[in-house]
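Below is one structure, written out as structure tokens; the observations come after it.
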Amino acid sequence: MKRALLLALFLLPAVRAAGCQDYDVVLKIEQPPAVLAGAEFELDGERMVFSGGACLEAGFGVLRAARIVYDRHQRLLLASDVAGEISGWQVKAPRLRGEGERLELASPRFERGDAVVTAARAESENGGLQLENLQARTPRYRFRAERGWIKDDVFKASGVWSTPCKCGSAIEISAGEAEFAFAAGRLYLRRASFRLYGLELARPPEVLVEPEKEMRLEFPLRLSYGSGWNFGVENLPLPLEGEAFGRWSTHLTVLAAGVGGPLYAGKTESLRLALDYRQGSERFYFGLKPVRKWDGAAWSYWLEPSASLVSGPLRFGLGWSAAAQSDTAYFMLTTRETLGRLTAAPFFRLSREEAHAGLAAGLGGELSLASLTAGDWRLELRAPFMGAAYPDAAPYGWGGLRFEAASGRLFSLQAGGYLAAGTPRYAYEARGNRLRLAFKLGDQPWLSGAYGLNERYDLAAGAVSRVDTSYELGAGWRELGASWSLWRYDQPAGGLVEAGERWRLWWRPPGGELTLEWNRRWDGGWNPTRSELWLAYRPPLPDCAGGWSLAPSLGYDLLGGGVSRAGLTLRLNDCCFTWTLGYQGVFNAAAAGGPVGSGVTFGVSIR
Amino acid sequence: MKRALLLVTVFLLAAEFAALSIEPYGDSVYDLASGVTTLPQGGVIRDNENDLSIDASFVEYKEGEYIKARQAKTEAAGVSFAAAELEYLPAADEARLAGGVSLETDDIKNLRAQKGWIYLKDGVVVLAGGVSATKPELEAALLVADYRQGEVLLLAPYRYKDASLGVTLSGKNPEKPLYLRFDQQSGEVTASSKAPAEVAARLLGYVERAQAE
């Protein structure tokens, strides 16, 4: 027989059945327009049966089922438990029915990545699929639509309702129509309406949603009470046309602080007004803060400006020096270039700071001396540097070496040493002598340690004003950990300014944390100024509507006795939001002159 | 298709030698040594029993052994048949067709193949090489039919189009011929990619026999 078959003298023109062409028997039908195929074929009476693995290809895509039946006279097509791929979606449906020109899927389910779409039914139309009463779920959104169309790489829908809420509909975005470009992962909602608790807040002509991207929506309303009421909006998004929902470039802040409450010398009240725009590496920020301060007899008033502009090589900034009670400003031209192993950022800067005003020109950057990777091992040796010249002062230079070695998660070592020559005039380039050593050994358990020394400049005096030293040790295993740290500020000539120490023990089960701390401080004469035990527990918040947690914290003053601070935070989930209500009372200041008082904070974020 | 097969049957039965008479158009040359008769101007092979006659432009035969005919054709009883070369072997009860075969009836239009074999006693025909027809629109690498039982195997690659139903059936797996069965009474056709094992073995046996020659 083989020989006979080898004598088959010509090949038939291939039947156009791209998706089903590998099947043994292929049937092209005109009504509904489709290609049926299967491993086995039977014609018995009017019924044509494809079995042993059957396939259907229509304009919208390819579906497979164990068995497909076609009645050639009634032109009726039937299959059960079909599955396949349509325009990049994995599709399953319990029933497929084709009659006349139409192909219909009952209760189809479409999956693509994390997105799931279900519909009451789907019907072939113009080479695509029309869906009715569809519901969709992505990691961040739920959708409903009266009708949808899938064709090629585009999904369109009409009568759309969507919400970023896990359940319920506190936030609703509805739209007359929607278009989902799969390749770009973008959903355009047109003739949209944005509702909060049923109240329509906006009717944007078009909203762009990126459902596959993780989104953090911060609730912009602020309300708390400390030494007066703090309230307003912070980073309230101002959506521009064409921007993706949750990815707004422009934000507004109007925040009042310290309003009302008891009057005492030094009390300040302020209103911060700010507009912030960020797009890629461009940034524009403009803020004004009118402030008034009670000196015990009268109010004093001033206005703190705050602005910055980053655009290409141009930098401009306005600020406020609280110490000098005057505004500061700078204008800078800079760029960052990489030339082989050298990364260089030349700059030209005109600035006015509390200590000096004038011009500076310089070069900052880094030279990569060695960079090795072998298996899990990674070694790097770099030489950061900064130099500046001034028309009215001697030049200043700073540089050193930084070494890093690491092997996976089991070992890491960082060491760096830097020396300064001359005196910096402006904060931008000011860096002092520094030394830092840090290591981490092991993963579970782990051991870490660090030592740091950092000289700080007083730009007005043109000299080192303080030497900060810190020591840290830590160890942990799984959810348990312990650490010790000590910091001290010394005068450059010797002599302690202030020192502090912290012992900490923690237990971090998933989503929660229990912490015990012992915080101590000393003044320049090593006289203890503070010794506090602090215990805080933050239980995991159940991820369900109605889930809640209560996080208490308590500090006890070992020097003076009594409770030094106390806090309680209630977190409560409803369908859509996590509500936070917190109380924090500080009864003994952590440092002399530090804030004392009670505050209530209120927050809400989308779950 | 059923009627077409029956008509083929009629033609094939007509070739049975015993009932044949041969009438020359011109000369009739008899070679005493070989016993072979040649009709260089052709002639008519007539089946009196079935009232069927085949015209040929050249005929050569040896009584009881073979008849060879070139440009053989007949047009009778709604059947139009032609073969470039026809050879009938009464001993083997077999007719061989070569150089292009065509058949046309009221139901089958323009059925063509490059060659064919007819096993008269068994009622089996094998058509090979570009088997095609325009009505029904049919193409196959090879066709084997038991015309008495109404059973046909189409060997892949094959394609069958029924314009009235708007369907085109095709297969390209040489291991899976399409089995067609024509009900002798109703003319109903059943089809399957799974031929009964006995039928497949028997019919494919003729294919092997034909191809071996």
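In the structure tokens, each chain is lettered A, B, ... as it comes, each chain's residues begin at 1, and ligands are numbered from 1 in order of appearance.
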
Chain B residues near chain A (10 Å cut-off, only C-alpha atoms) as a short mmCIF file (atom, residue, chain, number, x, y, z; two decimals) with N, CA and C atoms, in the first residue's frame:
data_model
loop_
_atom_site.label_atom_id
_atom_site.label_comp_id
_atom_site.auth_asym_id
_atom_site.auth_seq_id
_atom_site.Cartn_x
_atom_site.Cartn_y
_atom_site.Cartn_z
N GLN B 114 -4.97 9.44 -15.08
CA GLN B 114 -3.92 9.12 -16.05
C GLN B 114 -4.00 7.66 -16.47
N ALA B 128 -5.87 6.06 -11.09
CA ALA B 128 -4.70 6.65 -10.44
C ALA B 128 -4.18 7.78 -11.28
N GLY B 129 -3.51 8.69 -10.62
CA GLY B 129 -2.84 9.77 -11.31
C GLY B 129 -3.78 10.89 -11.65
N GLY B 130 -3.80 11.87 -10.82
CA GLY B 130 -4.60 13.06 -11.10
C GLY B 130 -6.05 12.75 -11.28
N VAL B 131 -6.59 11.93 -10.39
CA VAL B 131 -8.01 11.62 -10.48
C VAL B 131 -8.79 12.90 -10.21
N GLU B 139 -11.14 15.70 -6.47
CA GLU B 139 -9.74 15.43 -6.79
C GLU B 139 -9.24 14.41 -5.81
N ALA B 140 -8.40 13.49 -6.29
CA ALA B 140 -7.83 12.51 -5.37
C ALA B 140 -6.54 12.00 -5.96
N ALA B 141 -5.66 11.54 -5.10
CA ALA B 141 -4.42 10.94 -5.58
C ALA B 141 -4.77 9.62 -6.26
N LEU B 142 -5.79 8.93 -5.75
CA LEU B 142 -6.13 7.61 -6.24
C LEU B 142 -7.55 7.27 -5.81
N LEU B 155 -7.98 8.14 -1.89
CA LEU B 155 -6.71 8.23 -1.17
C LEU B 155 -6.21 9.67 -1.17
N ALA B 156 -5.70 10.06 -0.01
CA ALA B 156 -5.24 11.45 0.17
C ALA B 156 -3.95 11.67 -0.61
N PRO B 157 -3.71 12.87 -1.05
CA PRO B 157 -4.57 14.03 -0.83
C PRO B 157 -5.82 14.01 -1.72
N TYR B 158 -6.96 14.29 -1.08
CA TYR B 158 -8.19 14.31 -1.85
C TYR B 158 -8.99 15.57 -1.50
N ARG B 159 -9.92 15.92 -2.37
CA ARG B 159 -10.75 17.09 -2.12
C ARG B 159 -12.09 16.85 -2.81
N TYR B 160 -13.14 17.09 -2.08
CA TYR B 160 -14.47 16.87 -2.63
C TYR B 160 -15.32 18.08 -2.31
N LYS B 161 -15.88 18.69 -3.33
CA LYS B 161 -16.65 19.90 -3.10
C LYS B 161 -18.09 19.68 -3.52
N ASP B 162 -19.01 20.02 -2.63
CA ASP B 162 -20.42 19.98 -2.97
C ASP B 162 -20.92 21.42 -2.97
N ALA B 163 -21.07 21.96 -4.17
CA ALA B 163 -21.41 23.38 -4.28
C ALA B 163 -22.80 23.66 -3.74
N SER B 164 -23.72 22.69 -3.94
CA SER B 164 -25.10 22.96 -3.51
C SER B 164 -25.18 23.07 -1.99
N LEU B 165 -24.36 22.27 -1.29
CA LEU B 165 -24.36 22.34 0.17
C LEU B 165 -23.35 23.37 0.67
N GLY B 166 -22.49 23.87 -0.23
CA GLY B 166 -21.48 24.83 0.18
C GLY B 166 -20.44 24.22 1.10
N VAL B 167 -20.04 22.99 0.80
CA VAL B 167 -19.01 22.36 1.65
C VAL B 167 -17.89 21.81 0.77
N THR B 168 -16.68 21.85 1.30
CA THR B 168 -15.52 21.26 0.63
C THR B 168 -14.80 20.40 1.65
N LEU B 169 -14.72 19.11 1.32
CA LEU B 169 -14.07 18.18 2.25
C LEU B 169 -12.71 17.82 1.67
N SER B 170 -11.69 17.83 2.52
CA SER B 170 -10.37 17.48 2.01
C SER B 170 -9.58 16.73 3.08
N GLY B 171 -8.60 15.97 2.61
CA GLY B 171 -7.73 15.24 3.53
C GLY B 171 -6.37 15.13 2.89
N LYS B 172 -5.36 15.14 3.73
CA LYS B 172 -4.03 15.04 3.13
C LYS B 172 -3.16 14.01 3.81
N ASN B 173 -3.73 13.25 4.75
CA ASN B 173 -2.95 12.20 5.40
C ASN B 173 -3.05 10.91 4.56
N PRO B 174 -1.95 10.49 3.92
CA PRO B 174 -2.01 9.30 3.06
C PRO B 174 -2.42 8.03 3.82
N GLU B 175 -2.27 8.07 5.14
CA GLU B 175 -2.65 6.90 5.93
C GLU B 175 -4.16 6.83 6.16
N LYS B 176 -4.85 7.91 5.82
CA LYS B 176 -6.29 7.95 6.12
C LYS B 176 -7.11 8.23 4.88
N PRO B 177 -7.43 7.18 4.08
CA PRO B 177 -8.29 7.39 2.93
C PRO B 177 -9.73 7.68 3.39
N LEU B 178 -10.47 8.34 2.53
CA LEU B 178 -11.88 8.62 2.83
C LEU B 178 -12.71 7.47 2.25
N TYR B 179 -13.53 6.90 3.09
CA TYR B 179 -14.36 5.76 2.70
C TYR B 179 -15.77 6.26 2.37
N LEU B 180 -16.24 5.94 1.17
CA LEU B 180 -17.61 6.34 0.78
C LEU B 180 -18.40 5.08 0.50
N GLU B 188 -28.16 6.98 -1.11
CA GLU B 188 -27.59 7.75 0.00
C GLU B 188 -26.10 7.45 0.14
N VAL B 189 -25.37 8.47 0.45
CA VAL B 189 -23.94 8.27 0.65
C VAL B 189 -23.61 8.41 2.13
N THR B 190 -22.83 7.47 2.65
CA THR B 190 -22.23 7.67 3.96
C THR B 190 -20.74 7.76 3.73
N ALA B 191 -20.07 8.52 4.58
CA ALA B 191 -18.62 8.70 4.42
C ALA B 191 -17.96 8.60 5.77
N SER B 192 -16.71 8.19 5.77
CA SER B 192 -16.00 8.08 7.04
C SER B 192 -14.50 8.09 6.78
N SER B 193 -13.78 8.64 7.74
CA SER B 193 -12.31 8.55 7.66
C SER B 193 -11.84 7.21 8.17
N LYS B 194 -12.77 6.43 8.74
CA LYS B 194 -12.40 5.11 9.24
C LYS B 194 -13.13 4.05 8.40
N ALA B 195 -12.46 3.54 7.37
CA ALA B 195 -13.07 2.48 6.56
C ALA B 195 -13.10 1.20 7.38
N ALA B 201 -8.69 -3.32 3.66
CA ALA B 201 -7.67 -4.31 3.31
C ALA B 201 -7.93 -4.85 1.90
N LEU B 204 -7.56 -1.87 -0.83
CA LEU B 204 -6.17 -1.43 -0.97
C LEU B 204 -5.31 -2.55 -1.57
N GLY B 205 -5.77 -3.81 -1.42
CA GLY B 205 -5.10 -4.93 -2.06
C GLY B 205 -5.11 -4.76 -3.59
N TYR B 206 -6.22 -4.29 -4.15
CA TYR B 206 -6.30 -4.06 -5.59
C TYR B 206 -5.37 -2.92 -6.01
N VAL B 207 -5.28 -1.92 -5.15
CA VAL B 207 -4.39 -0.80 -5.46
C VAL B 207 -2.97 -1.32 -5.57
N GLU B 208 -2.59 -2.18 -4.61
CA GLU B 208 -1.22 -2.71 -4.61
C GLU B 208 -0.99 -3.59 -5.85
N ARG B 209 -2.01 -4.35 -6.17
CA ARG B 209 -1.90 -5.24 -7.32
C ARG B 209 -1.76 -4.41 -8.61
N ALA B 210 -2.54 -3.35 -8.71
CA ALA B 210 -2.50 -2.52 -9.90
C ALA B 210 -1.15 -1.82 -10.03
N GLN B 211 -0.71 -1.29 -8.93
CA GLN B 211 0.55 -0.53 -8.97
C GLN B 211 1.73 -1.45 -9.21
N ALA B 212 1.61 -2.73 -8.82
CA ALA B 212 2.72 -3.67 -8.99
C ALA B 212 2.91 -4.02 -10.46
#

Identify, on the basis of only C-alpha atoms, every residue whose closest approach to stretch 148-150 of chain B does not exceed 6 Å; exclude the query and any residue fewer than 5 positions from it along the same chain; express the result as a ChimeraX atom specification. /B:123,181-182

Near A:Leu77, counting only C-alpha atoms, which residues have an atom at most 6 Å away, once you skip same-chain residues fewer than 2 positions from it, shown as a list of chain:residue names? A:Val69, A:Tyr70, A:Arg97, A:Gly98

Please identify all polymer residues within 12 Å of B:Tyr25, counting only C-alpha atoms, omitting same-chain residues fewer than 4 positions from it, and present them as a VMD selection string. chain B and resid 29 38 to 45 55 to 59

Could you turn the residues from that selection into a file that holds N, CA and C atoms, as a PDB file, in the first residue's frame?
ATOM      1  N   VAL B  29      -5.693  -7.400 -40.625  1.00  0.00           N
ATOM      2  CA  VAL B  29      -4.475  -8.141 -40.956  1.00  0.00           C
ATOM      3  C   VAL B  29      -4.298  -9.265 -39.949  1.00  0.00           C
ATOM      4  N   THR B  38      -4.674  -7.508 -36.541  1.00  0.00           N
ATOM      5  CA  THR B  38      -4.500  -6.068 -36.397  1.00  0.00           C
ATOM      6  C   THR B  38      -5.500  -5.369 -37.303  1.00  0.00           C
ATOM      7  N   LEU B  39      -6.168  -4.323 -36.718  1.00  0.00           N
ATOM      8  CA  LEU B  39      -7.068  -3.487 -37.536  1.00  0.00           C
ATOM      9  C   LEU B  39      -6.412  -2.112 -37.588  1.00  0.00           C
ATOM     10  N   PRO B  40      -5.533  -1.818 -38.575  1.00  0.00           N
ATOM     11  CA  PRO B  40      -4.769  -0.564 -38.579  1.00  0.00           C
ATOM     12  C   PRO B  40      -5.672   0.646 -38.743  1.00  0.00           C
ATOM     13  N   GLN B  41      -6.821   0.518 -39.400  1.00  0.00           N
ATOM     14  CA  GLN B  41      -7.742   1.669 -39.508  1.00  0.00           C
ATOM     15  C   GLN B  41      -8.758   1.680 -38.374  1.00  0.00           C
ATOM     16  N   GLY B  42      -8.553   0.763 -37.430  1.00  0.00           N
ATOM     17  CA  GLY B  42      -9.452   0.719 -36.291  1.00  0.00           C
ATOM     18  C   GLY B  42     -10.685  -0.088 -36.578  1.00  0.00           C
ATOM     19  N   GLY B  43     -11.622   0.000 -35.590  1.00  0.00           N
ATOM     20  CA  GLY B  43     -12.821  -0.782 -35.752  1.00  0.00           C
ATOM     21  C   GLY B  43     -13.749  -0.573 -34.583  1.00  0.00           C
ATOM     22  N   VAL B  44     -14.747  -1.438 -34.536  1.00  0.00           N
ATOM     23  CA  VAL B  44     -15.724  -1.352 -33.441  1.00  0.00           C
ATOM     24  C   VAL B  44     -15.685  -2.650 -32.653  1.00  0.00           C
ATOM     25  N   ILE B  45     -15.535  -2.506 -31.345  1.00  0.00           N
ATOM     26  CA  ILE B  45     -15.661  -3.655 -30.462  1.00  0.00           C
ATOM     27  C   ILE B  45     -17.094  -3.605 -29.949  1.00  0.00           C
ATOM     28  N   ASP B  55     -15.625   2.389 -30.210  1.00  0.00           N
ATOM     29  CA  ASP B  55     -14.839   2.722 -31.391  1.00  0.00           C
ATOM     30  C   ASP B  55     -13.381   2.842 -30.999  1.00  0.00           C
ATOM     31  N   ALA B  56     -12.484   2.393 -31.895  1.00  0.00           N
ATOM     32  CA  ALA B  56     -11.061   2.575 -31.638  1.00  0.00           C
ATOM     33  C   ALA B  56     -10.381   2.882 -32.950  1.00  0.00           C
ATOM     34  N   SER B  57      -9.307   3.702 -32.904  1.00  0.00           N
ATOM     35  CA  SER B  57      -8.615   4.072 -34.138  1.00  0.00           C
ATOM     36  C   SER B  57      -7.619   2.996 -34.541  1.00  0.00           C
ATOM     37  N   PHE B  58      -7.307   2.093 -33.571  1.00  0.00           N
ATOM     38  CA  PHE B  58      -6.411   0.993 -33.864  1.00  0.00           C
ATOM     39  C   PHE B  58      -6.789  -0.148 -32.936  1.00  0.00           C
ATOM     40  N   VAL B  59      -6.906  -1.310 -33.473  1.00  0.00           N
ATOM     41  CA  VAL B  59      -7.251  -2.470 -32.635  1.00  0.00           C
ATOM     42  C   VAL B  59      -6.296  -3.603 -32.974  1.00  0.00           C
TER      43      VAL B  59
END

With distances taken over only C-alpha atoms, which of A:Arg315, A:Arg571, A:Arg530, A:Arg186 is nearest to A:Glu501? A:Arg530

List the spatial neighbours of A:Val310 as a list in words - criterion: any atom at most 9 Å away, only C-alpha atoms, same-chain residues fewer than 4 positions off excluded.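 Those residues are Ser281, Glu282, Arg283, Phe284, Tyr285, Leu314, Arg315, Phe316 and Gly317 of chain A.
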
Output N, CA and C atoms for every residue in that selection, as a compact mmCIF listing (two decimals), in the first residue's frame.
# COMPACT_ATOMS: atom_id res chain seq x y z
N SER A 281 11.82 62.88 32.83
CA SER A 281 12.85 63.51 33.65
C SER A 281 12.58 65.00 33.84
N GLU A 282 11.49 65.48 33.27
CA GLU A 282 11.16 66.90 33.42
C GLU A 282 10.37 67.10 34.71
N ARG A 283 10.66 68.21 35.38
CA ARG A 283 9.87 68.49 36.58
C ARG A 283 9.70 69.98 36.74
N PHE A 284 8.50 70.34 37.10
CA PHE A 284 8.23 71.73 37.44
C PHE A 284 7.47 71.72 38.75
N TYR A 285 7.97 72.48 39.70
CA TYR A 285 7.31 72.55 40.99
C TYR A 285 7.27 74.01 41.41
N LEU A 314 18.86 72.31 32.20
CA LEU A 314 18.56 73.49 33.01
C LEU A 314 17.97 73.10 34.36
N ARG A 315 18.51 73.71 35.41
CA ARG A 315 17.95 73.52 36.76
C ARG A 315 17.74 74.89 37.37
N PHE A 316 16.59 75.05 37.97
CA PHE A 316 16.32 76.31 38.66
C PHE A 316 15.59 75.98 39.94
N GLY A 317 15.95 76.67 40.99
CA GLY A 317 15.28 76.39 42.24
C GLY A 317 15.16 77.62 43.12

List the neighbours of A:Trp377 out to 12 Å using only C-alpha atoms; skip same-chain residues closer than 5 positions along the sequence, and give me the result as a tab-separated table (two decimals) with N, CA and C atoms, in the first residue's frame.
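The result, written out as out34.tsv:
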chain	number	residue	atom	x	y	z
A	371	SER	N	35.22	46.29	37.45
A	371	SER	CA	33.88	45.74	37.62
A	371	SER	C	33.93	44.30	37.13
A	372	LEU	N	33.85	43.37	38.07
A	372	LEU	CA	34.01	41.96	37.74
A	372	LEU	C	32.79	41.18	38.18
A	404	GLU	N	32.93	47.53	46.44
A	404	GLU	CA	31.78	46.68	46.78
A	404	GLU	C	32.06	45.27	46.32
A	405	ALA	N	31.77	44.31	47.19
A	405	ALA	CA	31.89	42.89	46.83
A	405	ALA	C	30.64	42.19	47.33
A	406	ALA	N	30.10	41.29	46.54
A	406	ALA	CA	28.89	40.58	46.96
A	406	ALA	C	28.86	39.21	46.31
A	407	SER	N	28.28	38.27	47.03
A	407	SER	CA	28.06	36.94	46.47
A	407	SER	C	26.63	36.54	46.77
A	408	GLY	N	25.78	36.70	45.77
A	408	GLY	CA	24.36	36.37	45.94
A	408	GLY	C	23.80	37.05	47.16
A	409	ARG	N	23.04	36.29	47.94
A	409	ARG	CA	22.47	36.84	49.17
A	409	ARG	C	23.30	36.48	50.37
A	410	LEU	N	24.42	35.79	50.16
A	410	LEU	CA	25.15	35.23	51.31
A	410	LEU	C	26.22	36.15	51.85
A	411	PHE	N	26.71	37.06	51.02
A	411	PHE	CA	27.82	37.89	51.50
A	411	PHE	C	27.80	39.21	50.77
A	412	SER	N	28.02	40.30	51.50
A	412	SER	CA	28.26	41.57	50.84
A	412	SER	C	29.17	42.41	51.70
A	413	LEU	N	30.00	43.19	51.05
A	413	LEU	CA	30.95	44.05	51.75
A	413	LEU	C	31.02	45.36	50.98

Residues of stretch 427-557 of chain A classed as strand (DSSP E) by DSSP on the backbone are to be reported as a VMD selection string. chain A and resid 434 to 441 446 to 458 463 to 477 480 to 490 496 to 507 513 to 522 528 to 538 548 to 557
